[in-house]
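Q: File follows, work.tsv with TSV, C-alpha atoms:
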chain	number	residue	atom	x	y	z
A	553	MET	CA	-27.61	3.85	45.79
A	554	ASN	CA	-26.54	7.52	45.83
A	555	PHE	CA	-23.80	6.64	48.31
A	556	VAL	CA	-22.49	3.97	45.97
A	557	LYS	CA	-22.39	6.44	43.08
A	558	LYS	CA	-20.50	8.92	45.23
A	559	ILE	CA	-17.93	6.24	46.07
A	560	PHE	CA	-17.41	5.46	42.39
A	561	ALA	CA	-17.28	9.17	41.53
A	562	ALA	CA	-14.56	9.62	44.11
A	563	LEU	CA	-12.66	6.68	42.66
A	564	ALA	CA	-13.03	8.17	39.20
A	565	THR	CA	-11.60	11.48	40.36
A	566	LEU	CA	-8.72	9.64	41.98
A	567	SER	CA	-8.10	7.73	38.77
A	568	ILE	CA	-7.88	10.90	36.69
A	569	PHE	CA	-5.55	12.49	39.23
A	570	MET	CA	-3.30	9.44	39.25
A	571	SER	CA	-3.25	9.17	35.47
A	572	ASN	CA	-2.29	12.82	35.17
A	573	ALA	CA	0.41	12.39	37.82
A	574	SER	CA	2.09	9.36	36.30
A	575	ALA	CA	1.37	7.11	33.35
A	576	GLU	CA	2.59	4.12	35.34
A	577	LYS	CA	0.07	4.62	38.14
A	578	ILE	CA	-3.21	4.18	36.32
A	579	SER	CA	-5.86	3.08	38.79
A	580	THR	CA	-8.09	0.04	38.33
A	581	VAL	CA	-11.13	2.25	37.83
A	582	MET	CA	-12.32	2.11	34.22
A	583	HIS	CA	-14.34	4.78	32.44
A	584	LYS	CA	-16.89	4.16	29.70
A	585	LEU	CA	-15.79	5.64	26.39
A	586	GLU	CA	-18.43	7.32	24.25
A	587	VAL	CA	-19.16	5.83	20.84
A	588	GLU	CA	-21.34	6.67	17.87
A	589	SER	CA	-23.57	3.77	16.83
A	590	ARG	CA	-24.92	3.23	13.33
A	591	ASP	CA	-26.87	0.30	11.86
A	592	SER	CA	-26.75	-0.63	8.17
A	593	GLY	CA	-26.76	-3.56	5.77
A	594	GLY	CA	-29.23	-6.20	4.71
A	595	THR	CA	-31.52	-8.66	6.47
A	596	LEU	CA	-30.68	-11.14	9.24
A	597	ILE	CA	-32.57	-14.45	9.35
A	598	PHE	CA	-32.10	-15.80	12.88
A	599	SER	CA	-33.14	-19.33	13.89
A	600	ASP	CA	-32.53	-20.43	17.50
A	601	SER	CA	-36.02	-21.35	18.69
A	602	PRO	CA	-36.78	-24.04	19.47
A	603	GLU	CA	-33.14	-24.43	20.47
A	604	TYR	CA	-33.75	-27.98	21.73
A	605	VAL	CA	-35.51	-29.65	18.81
A	606	ARG	CA	-37.73	-32.54	19.92
A	607	LYS	CA	-39.59	-33.26	16.67
A	608	ASN	CA	-39.19	-32.97	12.92
A	609	GLY	CA	-40.31	-29.81	11.20
A	610	ILE	CA	-39.56	-26.32	9.94
A	611	LEU	CA	-37.62	-24.30	12.51
A	612	TYR	CA	-37.91	-20.95	10.74
A	613	THR	CA	-38.77	-19.57	7.30
A	614	ASP	CA	-38.97	-16.21	5.55
A	615	THR	CA	-38.39	-14.58	2.17
A	616	VAL	CA	-35.54	-12.14	1.51
A	617	SER	CA	-33.68	-10.56	-1.38
A	618	GLY	CA	-30.47	-8.61	-1.81
A	619	ASP	CA	-27.86	-8.82	0.96
A	620	ALA	CA	-28.78	-11.15	3.82
A	621	ARG	CA	-27.35	-13.32	6.57
A	622	VAL	CA	-28.71	-16.53	8.05
A	623	LEU	CA	-27.70	-17.76	11.51
A	624	PHE	CA	-28.90	-21.09	12.92
A	625	TYR	CA	-28.31	-22.73	16.30
A	626	HIS	CA	-30.19	-25.94	17.11
A	627	LEU	CA	-29.69	-29.11	19.14
A	628	ASN	CA	-31.02	-32.58	18.37
A	629	ASP	CA	-32.97	-33.30	21.54
A	630	THR	CA	-34.37	-36.64	20.37
A	631	GLY	CA	-33.12	-40.17	20.89
A	632	VAL	CA	-32.24	-40.80	17.23
A	633	ARG	CA	-30.05	-39.25	14.56
A	634	LYS	CA	-31.50	-36.33	12.62
A	635	ARG	CA	-30.53	-34.24	9.65
A	636	PHE	CA	-30.57	-30.46	9.40
A	637	ALA	CA	-31.23	-28.62	6.16
A	638	ILE	CA	-31.08	-25.14	4.68
A	639	ILE	CA	-33.39	-24.98	1.68
A	640	PHE	CA	-33.51	-22.11	-0.81
A	641	GLU	CA	-36.65	-21.66	-2.92
A	642	ASN	CA	-36.77	-19.32	-5.89
A	643	THR	CA	-40.09	-17.45	-5.69
A	644	SER	CA	-39.48	-15.76	-9.07
A	645	ARG	CA	-40.42	-16.79	-12.58
A	646	GLU	CA	-36.87	-16.02	-13.65
A	647	LYS	CA	-33.54	-17.60	-12.86
A	648	ASN	CA	-32.21	-16.62	-9.44
A	649	VAL	CA	-28.58	-16.73	-8.28
A	650	VAL	CA	-27.72	-16.91	-4.57
A	651	LYS	CA	-24.08	-16.01	-3.94
A	652	ILE	CA	-22.67	-17.15	-0.60
A	653	THR	CA	-20.13	-14.44	0.18
A	654	ARG	CA	-19.01	-15.63	3.58
A	655	GLY	CA	-19.71	-18.43	6.02
A	656	GLY	CA	-18.85	-20.43	9.09
A	657	ILE	CA	-20.24	-23.85	10.01
A	658	SER	CA	-18.87	-26.08	12.75
A	659	ALA	CA	-19.10	-29.83	12.84
A	660	PRO	CA	-21.86	-30.97	15.26
A	661	ASN	CA	-20.68	-31.50	18.80
A	662	ARG	CA	-22.06	-31.86	22.32
A	663	ASN	CA	-19.65	-29.20	23.56
A	664	TYR	CA	-21.41	-25.88	22.94
A	665	PHE	CA	-18.23	-23.79	23.23
A	666	THR	CA	-16.41	-25.95	20.66
A	667	VAL	CA	-19.25	-25.40	18.20
A	668	GLY	CA	-19.64	-21.69	18.92
A	669	LYS	CA	-15.94	-20.86	18.76
A	670	GLY	CA	-15.32	-23.02	15.71
A	671	THR	CA	-18.15	-21.40	13.77
A	672	GLN	CA	-17.06	-17.89	14.75
A	673	THR	CA	-13.40	-18.56	13.85
A	674	MET	CA	-14.31	-19.89	10.41
A	675	TYR	CA	-16.63	-16.95	9.76
A	676	MET	CA	-13.97	-14.41	10.76
A	677	GLN	CA	-11.37	-16.09	8.52
A	678	ASP	CA	-13.61	-14.99	5.63
A	679	ASN	CA	-12.47	-17.52	3.05
A	680	PHE	CA	-15.73	-19.39	2.36
A	681	LYS	CA	-17.64	-18.66	-0.85
A	682	ASP	CA	-20.22	-20.58	-2.88
A	683	LYS	CA	-23.01	-20.14	-5.42
A	684	ILE	CA	-26.48	-21.62	-5.83
A	685	GLU	CA	-28.30	-21.29	-9.15
A	686	LEU	CA	-32.07	-21.72	-9.07
A	687	ARG	CA	-34.41	-22.11	-12.00
A	688	ARG	CA	-37.88	-20.55	-11.82
A	689	TYR	CA	-39.68	-21.74	-8.66
A	690	GLU	CA	-36.94	-24.30	-8.01
A	691	ARG	CA	-35.97	-25.54	-4.55
A	692	LYS	CA	-32.48	-26.69	-3.60
A	693	ILE	CA	-31.07	-28.06	-0.38
A	694	TYR	CA	-27.84	-26.43	0.76
A	695	GLN	CA	-25.45	-28.65	2.74
A	696	PRO	CA	-21.89	-27.61	1.85
A	697	TYR	CA	-20.42	-30.11	4.33
A	698	ASP	CA	-22.80	-33.06	4.16
A	699	LYS	CA	-21.44	-34.84	7.23
A	700	TYR	CA	-21.87	-31.67	9.30
A	701	PHE	CA	-25.62	-31.78	8.81
A	702	LEU	CA	-26.12	-35.19	10.42
A	703	LEU	CA	-26.70	-34.83	14.17
A	704	LYS	CA	-26.46	-37.56	16.75
A	705	PRO	CA	-28.69	-37.25	19.84
A	706	GLY	CA	-27.52	-34.34	21.99
A	707	GLN	CA	-25.40	-32.74	19.28
A	708	LEU	CA	-25.59	-29.05	18.40
A	709	ILE	CA	-25.34	-27.56	14.91
A	710	HIS	CA	-24.49	-23.90	14.40
A	711	GLY	CA	-23.69	-21.84	11.33
A	712	ILE	CA	-23.60	-18.36	9.82
A	713	CYS	CA	-23.80	-17.54	6.12
A	714	ASP	CA	-23.79	-14.17	4.37
A	715	PHE	CA	-25.34	-14.20	0.91
A	716	ASN	CA	-26.83	-12.10	-1.84
A	717	ALA	CA	-29.92	-13.10	-3.83
A	718	ASP	CA	-30.69	-11.52	-7.20
A	719	LYS	CA	-34.41	-11.92	-6.64
A	720	PRO	CA	-36.64	-12.89	-3.69
A	721	VAL	CA	-35.72	-16.26	-2.26
A	722	LYS	CA	-37.52	-18.19	0.47
A	723	ILE	CA	-35.35	-19.86	3.11
A	724	TYR	CA	-36.37	-22.89	5.14
A	725	LEU	CA	-34.40	-24.15	8.14
A	726	MET	CA	-35.53	-27.68	8.94
A	727	MET	CA	-34.86	-30.76	11.07
A	728	TYR	CA	-35.94	-34.01	9.41
A	729	PRO	CA	-35.52	-37.82	9.60
A	730	GLU	CA	-32.08	-39.18	8.75
A	731	ASN	CA	-33.12	-41.14	5.67
A	732	ALA	CA	-35.89	-38.86	4.35
A	733	ASP	CA	-35.71	-36.84	1.13
A	734	PRO	CA	-35.60	-33.26	2.47
A	735	LEU	CA	-37.47	-31.69	-0.46
A	736	LEU	CA	-40.27	-34.25	-0.26
A	737	PHE	CA	-40.40	-33.93	3.53
A	738	LEU	CA	-40.66	-30.14	3.23
A	739	ASP	CA	-43.99	-30.49	1.40
A	740	ARG	CA	-45.61	-32.00	4.49
A	741	ALA	CA	-43.48	-30.44	7.24
A	742	GLU	CA	-45.14	-28.26	9.88
A	743	ILE	CA	-43.68	-25.08	11.33
A	744	LEU	CA	-42.53	-25.86	14.86
A	745	PRO	CA	-43.62	-23.46	17.63
A	746	LYS	CA	-40.90	-21.35	19.20
A	747	ASP	CA	-39.79	-22.07	22.74
A	748	GLU	CA	-40.10	-19.76	25.75
A	749	PHE	CA	-36.99	-17.78	24.74
A	750	CYS	CA	-38.39	-16.78	21.32
A	751	LEU	CA	-34.92	-16.40	19.77
A	752	ARG	CA	-35.86	-16.36	16.11
A	753	GLY	CA	-36.97	-13.77	13.64
A	754	THR	CA	-36.14	-11.46	10.77
A	755	PHE	CA	-34.15	-8.32	11.54
A	756	LYS	CA	-33.36	-5.36	9.29
A	757	ASN	CA	-29.94	-3.68	9.18
A	758	MET	CA	-27.78	-6.67	10.07
A	759	ASN	CA	-24.55	-4.71	10.66
A	760	ARG	CA	-23.64	-2.26	13.43
A	761	THR	CA	-20.71	0.19	13.48
A	762	LEU	CA	-19.41	1.59	16.78
A	763	THR	CA	-16.92	4.44	16.43
A	764	LEU	CA	-15.07	6.08	19.28
A	765	LYS	CA	-16.16	9.74	19.46
A	766	LYS	CA	-12.69	11.05	20.26
A	767	SER	CA	-9.15	9.76	20.11
A	768	TYR	CA	-8.22	7.74	23.20
A	769	ASP	CA	-5.29	8.96	25.33
A	770	TRP	CA	-4.68	6.88	28.45
A	771	ARG	CA	-2.71	9.71	30.08
A	772	ARG	CA	-5.87	11.79	29.98
A	773	ASP	CA	-8.61	9.15	30.00
A	774	GLY	CA	-7.23	6.47	32.32
A	775	LEU	CA	-8.46	2.94	31.71
A	776	GLY	CA	-11.34	2.93	29.24
A	777	TYR	CA	-13.91	0.48	27.98
A	778	ILE	CA	-16.86	0.13	25.63
A	779	LEU	CA	-19.77	-2.20	26.30
A	780	ILE	CA	-21.26	-4.60	23.77
A	781	GLY	CA	-24.55	-6.42	24.25
A	782	ASP	CA	-25.89	-4.92	27.49
A	783	ASN	CA	-29.14	-3.49	25.99
A	784	VAL	CA	-28.45	-0.16	27.72
A	785	ASN	CA	-25.41	1.24	25.96
A	786	ASP	CA	-25.75	-1.21	23.08
A	787	LEU	CA	-29.41	-1.93	22.32
A	788	TYR	CA	-30.77	-5.28	21.19
A	789	LYS	CA	-32.27	-5.48	17.71
A	790	ARG	CA	-36.03	-5.78	17.29
A	791	GLY	CA	-37.68	-7.65	14.48
A	792	ILE	CA	-40.59	-9.84	13.36
A	793	ASP	CA	-41.16	-13.58	13.59
A	794	ALA	CA	-42.32	-14.17	10.03
A	795	THR	CA	-44.05	-17.45	10.97
A	796	ASP	CA	-46.66	-15.73	13.14
A	797	GLY	CA	-46.13	-11.97	12.73
A	798	SER	CA	-45.17	-11.37	16.35
A	799	GLU	CA	-42.58	-8.79	17.42
A	800	VAL	CA	-39.36	-10.31	18.74
A	801	ILE	CA	-36.11	-9.15	20.35
A	802	ASN	CA	-32.68	-10.54	19.52
A	803	TYR	CA	-31.43	-10.92	23.11
A	804	GLY	CA	-27.66	-10.73	22.67
A	805	ASN	CA	-27.66	-9.44	19.06
A	806	TYR	CA	-26.56	-12.84	17.77
A	807	GLY	CA	-25.88	-12.65	14.05
A	808	ILE	CA	-25.26	-8.91	14.12
A	809	ASN	CA	-21.85	-8.12	12.66
A	810	TYR	CA	-20.08	-5.26	14.45
A	811	THR	CA	-17.31	-3.00	13.17
A	812	LEU	CA	-15.50	-1.38	16.11
A	813	ASN	CA	-13.45	1.68	15.11
A	814	PHE	CA	-10.82	3.15	17.44
A	815	HIS	CA	-8.20	5.86	17.22
A	816	THR	CA	-5.52	6.16	19.89
A	817	LYS	CA	-2.88	8.85	20.46
A	818	LEU	CA	-0.53	6.51	22.29
A	819	LEU	CA	0.36	2.85	22.01
A	820	THR	CA	-2.64	1.17	23.62
A	821	ARG	CA	-3.31	-2.36	24.81
A	822	PHE	CA	-6.73	-3.78	23.83
A	823	CYS	CA	-8.43	-6.67	25.65
A	824	LEU	CA	-11.80	-8.39	25.62
A	825	SER	CA	-13.32	-9.04	29.04
A	826	PRO	CA	-16.46	-11.20	29.50
A	827	ILE	CA	-18.72	-9.84	32.21
A	828	GLY	CA	-21.81	-11.92	31.50
A	829	GLY	CA	-20.31	-15.35	32.16
A	830	GLN	CA	-18.57	-18.08	30.16
A	831	TYR	CA	-17.39	-16.98	26.73
A	832	ALA	CA	-15.63	-18.46	23.66
A	833	GLY	CA	-15.33	-16.62	20.37
A	834	ALA	CA	-13.15	-14.96	17.76
A	835	LEU	CA	-12.83	-11.58	16.09
A	836	ARG	CA	-10.87	-10.02	13.25
A	837	TYR	CA	-8.55	-7.02	13.52
A	838	LYS	CA	-7.42	-4.57	10.83
A	839	TYR	CA	-4.41	-2.36	11.54
A	840	PHE	CA	-2.89	-0.44	8.61
A	841	ASP	CA	-2.05	-3.16	6.05
A	842	LYS	CA	-2.26	-5.99	8.58
A	843	SER	CA	-5.29	-8.09	9.45
A	844	GLY	CA	-5.98	-11.42	11.10
A	845	VAL	CA	-8.19	-13.49	13.35
A	846	ILE	CA	-7.82	-13.54	17.14
A	847	GLN	CA	-9.53	-16.21	19.21
A	848	THR	CA	-10.99	-15.05	22.52
A	849	PRO	CA	-9.49	-16.55	24.56
A	850	HIS	CA	-6.59	-17.73	22.42
A	851	ASN	CA	-4.94	-20.10	24.93
A	852	LYS	CA	-7.93	-22.22	25.99
A	853	LEU	CA	-11.43	-23.08	24.84
A	854	TYR	CA	-13.38	-20.58	26.94
A	855	PHE	CA	-13.06	-18.19	29.86
A	856	GLY	CA	-15.28	-16.02	32.04
A	857	ASP	CA	-16.04	-18.77	34.53
A	858	ARG	CA	-13.79	-17.21	37.18
A	859	MET	CA	-15.36	-13.77	36.99
A	860	PRO	CA	-17.24	-13.03	40.22
A	861	PRO	CA	-20.94	-12.21	39.65
A	862	GLU	CA	-21.78	-8.53	39.68
A	863	ASN	CA	-23.73	-7.26	42.67
A	864	GLN	CA	-26.37	-4.59	42.15
A	865	ALA	CA	-24.09	-1.69	43.11
A	866	VAL	CA	-21.40	-2.72	40.62
A	867	ALA	CA	-23.96	-3.26	37.85
A	868	LEU	CA	-25.53	0.16	38.45
A	869	ALA	CA	-22.15	1.86	38.51
A	870	ARG	CA	-21.23	0.20	35.21
A	871	ILE	CA	-24.42	1.49	33.64
A	872	GLU	CA	-23.52	4.96	34.90
A	873	GLY	CA	-20.18	4.71	33.13
A	874	ILE	CA	-17.75	3.47	35.79
A	875	SER	CA	-16.41	-0.05	36.21
A	876	LEU	CA	-13.66	-1.67	38.27
A	877	MET	CA	-10.92	-4.01	37.16
A	878	THR	CA	-10.49	-6.40	40.08
A	879	GLU	CA	-8.21	-9.36	40.68
A	880	GLY	CA	-10.91	-11.62	39.24
A	881	THR	CA	-11.25	-9.73	35.97
A	882	GLU	CA	-10.45	-12.03	33.05
A	883	LEU	CA	-8.88	-10.55	29.92
A	884	SER	CA	-8.18	-11.89	26.46
A	885	GLU	CA	-5.43	-10.03	24.60
A	886	LEU	CA	-6.35	-8.32	21.33
A	887	GLY	CA	-2.97	-6.67	20.76
A	888	SER	CA	-1.37	-3.23	21.16
A	889	TYR	CA	-1.98	-0.50	18.57
A	890	ARG	CA	-1.40	3.18	17.98
A	891	GLY	CA	-3.46	5.28	15.60
A	892	GLN	CA	-6.38	3.78	13.69
A	893	VAL	CA	-7.41	0.18	14.40
A	894	SER	CA	-10.70	-1.63	13.82
A	895	PHE	CA	-12.14	-4.95	14.95
A	896	GLU	CA	-14.83	-7.04	13.33
A	897	TYR	CA	-16.91	-8.70	16.02
A	898	SER	CA	-20.10	-10.73	16.34
A	899	PRO	CA	-21.57	-12.24	19.52
A	900	PRO	CA	-20.59	-15.93	19.37
A	901	GLY	CA	-23.15	-18.69	19.82
A	902	ALA	CA	-23.20	-20.39	23.25
A	903	SER	CA	-21.43	-17.43	24.89
A	904	ASN	CA	-22.76	-14.98	27.43
A	905	LEU	CA	-23.00	-11.22	27.10
A	906	PRO	CA	-22.24	-8.43	27.72
A	907	VAL	CA	-18.53	-8.01	27.08
A	908	ASN	CA	-16.15	-5.10	27.60
A	909	ILE	CA	-13.51	-4.02	25.11
A	910	VAL	CA	-10.91	-2.60	27.47
A	911	LEU	CA	-8.26	0.00	26.55
A	912	MET	CA	-5.21	0.59	28.75
A	913	PRO	CA	-1.51	1.55	28.59
A	914	SER	CA	0.65	-0.87	26.65
A	915	ALA	CA	3.72	-2.44	28.25
A	916	GLN	CA	5.40	-2.36	24.84
A	917	LYS	CA	7.74	0.51	24.05
As structure tokens, what does this structure read like?
A:
Amino acid sequence: MNFVKKIFAALATLSIFMSNASAEKISTVMHKLEVESRDSGGTLIFSDSPEYVRKNGILYTDTVSGDARVLFYHLNDTGVRKRFAIIFENTSREKNVVKITRGGISAPNRNYFTVGKGTQTMYMQDNFKDKIELRRYERKIYQPYDKYFLLKPGQLIHGICDFNADKPVKIYLMMYPENADPLLFLDRAEILPKDEFCLRGTFKNMNRTLTLKKSYDWRRDGLGYILIGDNVNDLYKRGIDATDGSEVINYGNYGINYTLNFHTKLLTRFCLSPIGGQYAGALRYKYFDKSGVIQTPHNKLYFGDRMPPENQAVALARIEGISLMTEGTELSELGSYRGQVSFEYSPPGASNLPVNIVLMPSAQK
């Protein structure tokens, strides 16, 4: 292990020497860039367990108020059609208004990447808004696209909604028979046990900001990268399963909305590289007065399937802050920028983590 680290240290020294000698001779050694991490925001309601739903019932429920986000990801693993429901219940004696400030919901599909990428793209486009008014103790079902909430056997439904509730509101996420009245069914529905992956829960501080500690200069720094979703450099969120009080971990930080802040001294090329496996998503960039959505990858449904698996030495070196860009490294272009640029990112459903955001010299002049 020490020998491996010495090899990578030598490569790192060579990279710095080469980058100082000539900007056009940057080595394929990449160096981890230091970031400041800060969590903020409201409450995330995360429902992905059981992922494969084999019976009717409540998938997750909890009570929140103020700013919140709900993320759901469930597959109809029965032999008949089922409906999915989000139900809001006003737990106050007074009128309650739930304002949907943002959302993304994909039509059900058996292709997980189609669903995950479609949901993420819609969410990043940030043009979905709605409002739900609840009388005292009233319940309402929320199905903004009714046909999206009917699942054939084997189909997956996935969605993300940001909202604000004036007063405490209880949320139910439920799978129920196709022709049943969801509000009547809720009265007798049982809470389904989570599966072995335990991917559900309530998590505080639903947003994370990563800010580069110093301005990036590829002449000085060589190739650079930041890691997202490795649980070493970027820790997974911990929360509570409100249905049984158990502590849970959000493996992958699904539903956490990241703001990635960079400053570069020179025109810099940005790429996203999946190092955990197959990946299909989208993010939003903001650069001066310009902004827009970039699909990752933009030219096909998913990528990351050609990346060779990391051996132990490579994984350990990456944790230590050194990584290699090999012939098999897959990259999705995020654009070239100079000065201040930020990206809005969230781990997409169905995709594998971690990912690298890679910074390198731009070919543009």
Q: A:Gly880, A:Pro734, A:Gly609, A:Gly753: which is nearest A:Arg621, counting all atoms listed in the file?
A: A:Gly753
Q: Interatomic distance between atom CA of A:Thr643 and atom CA of A:Val721?
A: 5.7 Å
Q: Using all atoms listed in the file, which residues sit within 9 Å of stretch 780-788 of chain A once same-chain residues fewer than 2 positions away are excluded, as a short mmCIF file (atom, residue, chain, number, x, y, z; two decimals) with C-alpha atoms, in the frame of the given file?
A:
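To be explicit, this is the file written out as around36.cif:
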data_model
loop_
_atom_site.label_atom_id
_atom_site.label_comp_id
_atom_site.auth_asym_id
_atom_site.auth_seq_id
_atom_site.Cartn_x
_atom_site.Cartn_y
_atom_site.Cartn_z
CA SER A 589 -23.57 3.77 16.83
CA ILE A 778 -16.86 0.13 25.63
CA ARG A 790 -36.03 -5.78 17.29
CA ILE A 801 -36.11 -9.15 20.35
CA ASN A 802 -32.68 -10.54 19.52
CA TYR A 803 -31.43 -10.92 23.11
CA GLY A 804 -27.66 -10.73 22.67
CA ASN A 805 -27.66 -9.44 19.06
CA ILE A 871 -24.42 1.49 33.64
CA PRO A 899 -21.57 -12.24 19.52
CA LEU A 905 -23.00 -11.22 27.10
CA PRO A 906 -22.24 -8.43 27.72
CA VAL A 907 -18.53 -8.01 27.08
CA ASN A 908 -16.15 -5.10 27.60
CA ILE A 909 -13.51 -4.02 25.11
#
Q: Find, counting all atoms listed in the file, the residue in A:Glu588, A:Asp718, A:Asp682, A:Glu641 that gets nearest to A:Gly618.
A: A:Asp718
Q: Kindly give the distance, in Å, that separates atom CA of A:Ser617 and atom CA of A:Asn716, rounded to a single decimal.
A: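 About the pair atom CA of A:Ser617 and atom CA of A:Asn716: they are 7.0 Å apart.
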Q: Nearest to A:Gly706: which of A:Trp770, A:Tyr724, A:Tyr831, A:Tyr604 is it, counting only C-alpha atoms?
A: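 Among the listed residues, the smallest separation from A:Gly706 belongs to A:Tyr604.
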Q: Env of A:Leu744: 12 Å cut, atoms = all atoms listed in the file, seq-sep filter 3 positions within chain, self excluded. Answer as a list in words.
A: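 With the cut-off at 12 Å, the set is Ser599, Asp600, Ser601, Pro602, Glu603, Tyr604, Val605, Arg606, Lys607, Asn608, Gly609, Ile610, Leu611, Tyr612, Thr613, Tyr724, Leu725, Met726, Met727, Tyr728, Ala741, Asp747, Cys750, Arg752, Thr795 and Asp796 of chain A.
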Q: Write out, as a compact mmCIF listing (two decimals), in the frame of the given file, the residues just selected, with C-alpha atoms.
A:
# COMPACT_ATOMS: atom_id res chain seq x y z
CA SER A 599 -33.14 -19.33 13.89
CA ASP A 600 -32.53 -20.43 17.50
CA SER A 601 -36.02 -21.35 18.69
CA PRO A 602 -36.78 -24.04 19.47
CA GLU A 603 -33.14 -24.43 20.47
CA TYR A 604 -33.75 -27.98 21.73
CA VAL A 605 -35.51 -29.65 18.81
CA ARG A 606 -37.73 -32.54 19.92
CA LYS A 607 -39.59 -33.26 16.67
CA ASN A 608 -39.19 -32.97 12.92
CA GLY A 609 -40.31 -29.81 11.20
CA ILE A 610 -39.56 -26.32 9.94
CA LEU A 611 -37.62 -24.30 12.51
CA TYR A 612 -37.91 -20.95 10.74
CA THR A 613 -38.77 -19.57 7.30
CA TYR A 724 -36.37 -22.89 5.14
CA LEU A 725 -34.40 -24.15 8.14
CA MET A 726 -35.53 -27.68 8.94
CA MET A 727 -34.86 -30.76 11.07
CA TYR A 728 -35.94 -34.01 9.41
CA ALA A 741 -43.48 -30.44 7.24
CA ASP A 747 -39.79 -22.07 22.74
CA CYS A 750 -38.39 -16.78 21.32
CA ARG A 752 -35.86 -16.36 16.11
CA THR A 795 -44.05 -17.45 10.97
CA ASP A 796 -46.66 -15.73 13.14
Q: Please indicate the distance in Å from atom CA of A:Tyr854 to atom CA of A:Leu819, rounded to one decimal place.
A: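 Answer for the atom CA of A:Tyr854 to atom CA of A:Leu819 separation: 27.6 Å.
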Q: With distances taken over only C-alpha atoms, which of A:Tyr700, A:Phe855, A:Phe640, A:Tyr664 is nearest to A:Leu686?
A: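 Once distances to A:Leu686 are computed over only C-alpha atoms, the minimum belongs to A:Phe640.
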Q: Here is a test: counting all atoms listed in the file, which residue of A:Glu586, A:Gly631, A:His850, A:Thr595 is nearest to A:Lys765?
A: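 Comparing A:Glu586, A:Gly631, A:His850, A:Thr595 against A:Lys765, the winner is A:Glu586.
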Q: For stretch 593-604 of chain A, what centre and edge lengths in Å (one decimal) does the axis-aligned box get once 4 Å is added on each side of all its listed atoms, as AutoDock Vina command-line options?
A:
--center_x -31.8 --center_y -15.8 --center_z 13.2 --size_x 18.0 --size_y 32.4 --size_z 25.0
Q: Rank nothing, just name the residue among A:Phe598, A:Tyr625, A:Phe715, A:Phe822 nearest to A:Leu883, using only C-alpha atoms.
A: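 With only C-alpha atoms as the atom set, the closest residue is A:Phe822.
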Q: Excluding A:Met758 and residues on its chain fewer than 5 positions from it, collect all residues at most 7 Å away from it, counting only C-alpha atoms, and give them as an MDAnalysis selection string.
A: chainID A and resid 592:596 808:809
Q: I want to know what sits within 12 Å of A:Gln916, based on all atoms listed in the file, with residues of the same chain fewer than 3 positions away left out; could you give that as a list in words?
A: Leu818, Leu819, Thr820, Arg821, Gly887, Ser888, Tyr889, Arg890, Met912 and Pro913 of chain A
Q: So which residues touch A:Val910 within 6 Å, counting all atoms listed in the file, skipping near sequence neighbours fewer than 3 positions away, as a list in words?
A: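 The neighbour list is Gly776, Tyr777, Phe822 and Cys823 of chain A.
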Q: How would you write as a ChimeraX atom specification the residues that get within 9 Å of (-15.1, -22.4, 17.1) in the file's frame, counting all atoms listed in the file?
A: /A:657-658,665-674,832-834,847,853,900
Q: Quick one: write out the picked residues with C-alpha atoms as a compact mmCIF listing (two decimals), keeping the file's coordinate frame?
A:
# COMPACT_ATOMS: atom_id res chain seq x y z
CA ILE A 657 -20.24 -23.85 10.01
CA SER A 658 -18.87 -26.08 12.75
CA PHE A 665 -18.23 -23.79 23.23
CA THR A 666 -16.41 -25.95 20.66
CA VAL A 667 -19.25 -25.40 18.20
CA GLY A 668 -19.64 -21.69 18.92
CA LYS A 669 -15.94 -20.86 18.76
CA GLY A 670 -15.32 -23.02 15.71
CA THR A 671 -18.15 -21.40 13.77
CA GLN A 672 -17.06 -17.89 14.75
CA THR A 673 -13.40 -18.56 13.85
CA MET A 674 -14.31 -19.89 10.41
CA ALA A 832 -15.63 -18.46 23.66
CA GLY A 833 -15.33 -16.62 20.37
CA ALA A 834 -13.15 -14.96 17.76
CA GLN A 847 -9.53 -16.21 19.21
CA LEU A 853 -11.43 -23.08 24.84
CA PRO A 900 -20.59 -15.93 19.37
Q: May I ask you to restore N, CA and C atoms in stretch 634-640 of chain A and write the result as a short mmCIF file (atom, residue, chain, number, x, y, z; two decimals), keeping the file's coordinate frame?
A:
data_model
loop_
_atom_site.label_atom_id
_atom_site.label_comp_id
_atom_site.auth_asym_id
_atom_site.auth_seq_id
_atom_site.Cartn_x
_atom_site.Cartn_y
_atom_site.Cartn_z
N LYS A 634 -30.68 -37.21 13.45
CA LYS A 634 -31.50 -36.33 12.62
C LYS A 634 -30.61 -35.59 11.63
N ARG A 635 -31.23 -35.10 10.59
CA ARG A 635 -30.53 -34.24 9.65
C ARG A 635 -31.10 -32.82 9.72
N PHE A 636 -30.19 -31.87 9.44
CA PHE A 636 -30.57 -30.46 9.40
C PHE A 636 -30.42 -29.98 7.96
N ALA A 637 -31.30 -29.09 7.53
CA ALA A 637 -31.23 -28.62 6.16
C ALA A 637 -31.48 -27.12 6.08
N ILE A 638 -30.74 -26.48 5.16
CA ILE A 638 -31.08 -25.14 4.68
C ILE A 638 -31.60 -25.32 3.27
N ILE A 639 -32.78 -24.83 3.01
CA ILE A 639 -33.39 -24.98 1.68
C ILE A 639 -33.69 -23.60 1.12
N PHE A 640 -33.22 -23.35 -0.10
CA PHE A 640 -33.51 -22.11 -0.81
C PHE A 640 -34.58 -22.38 -1.87
#
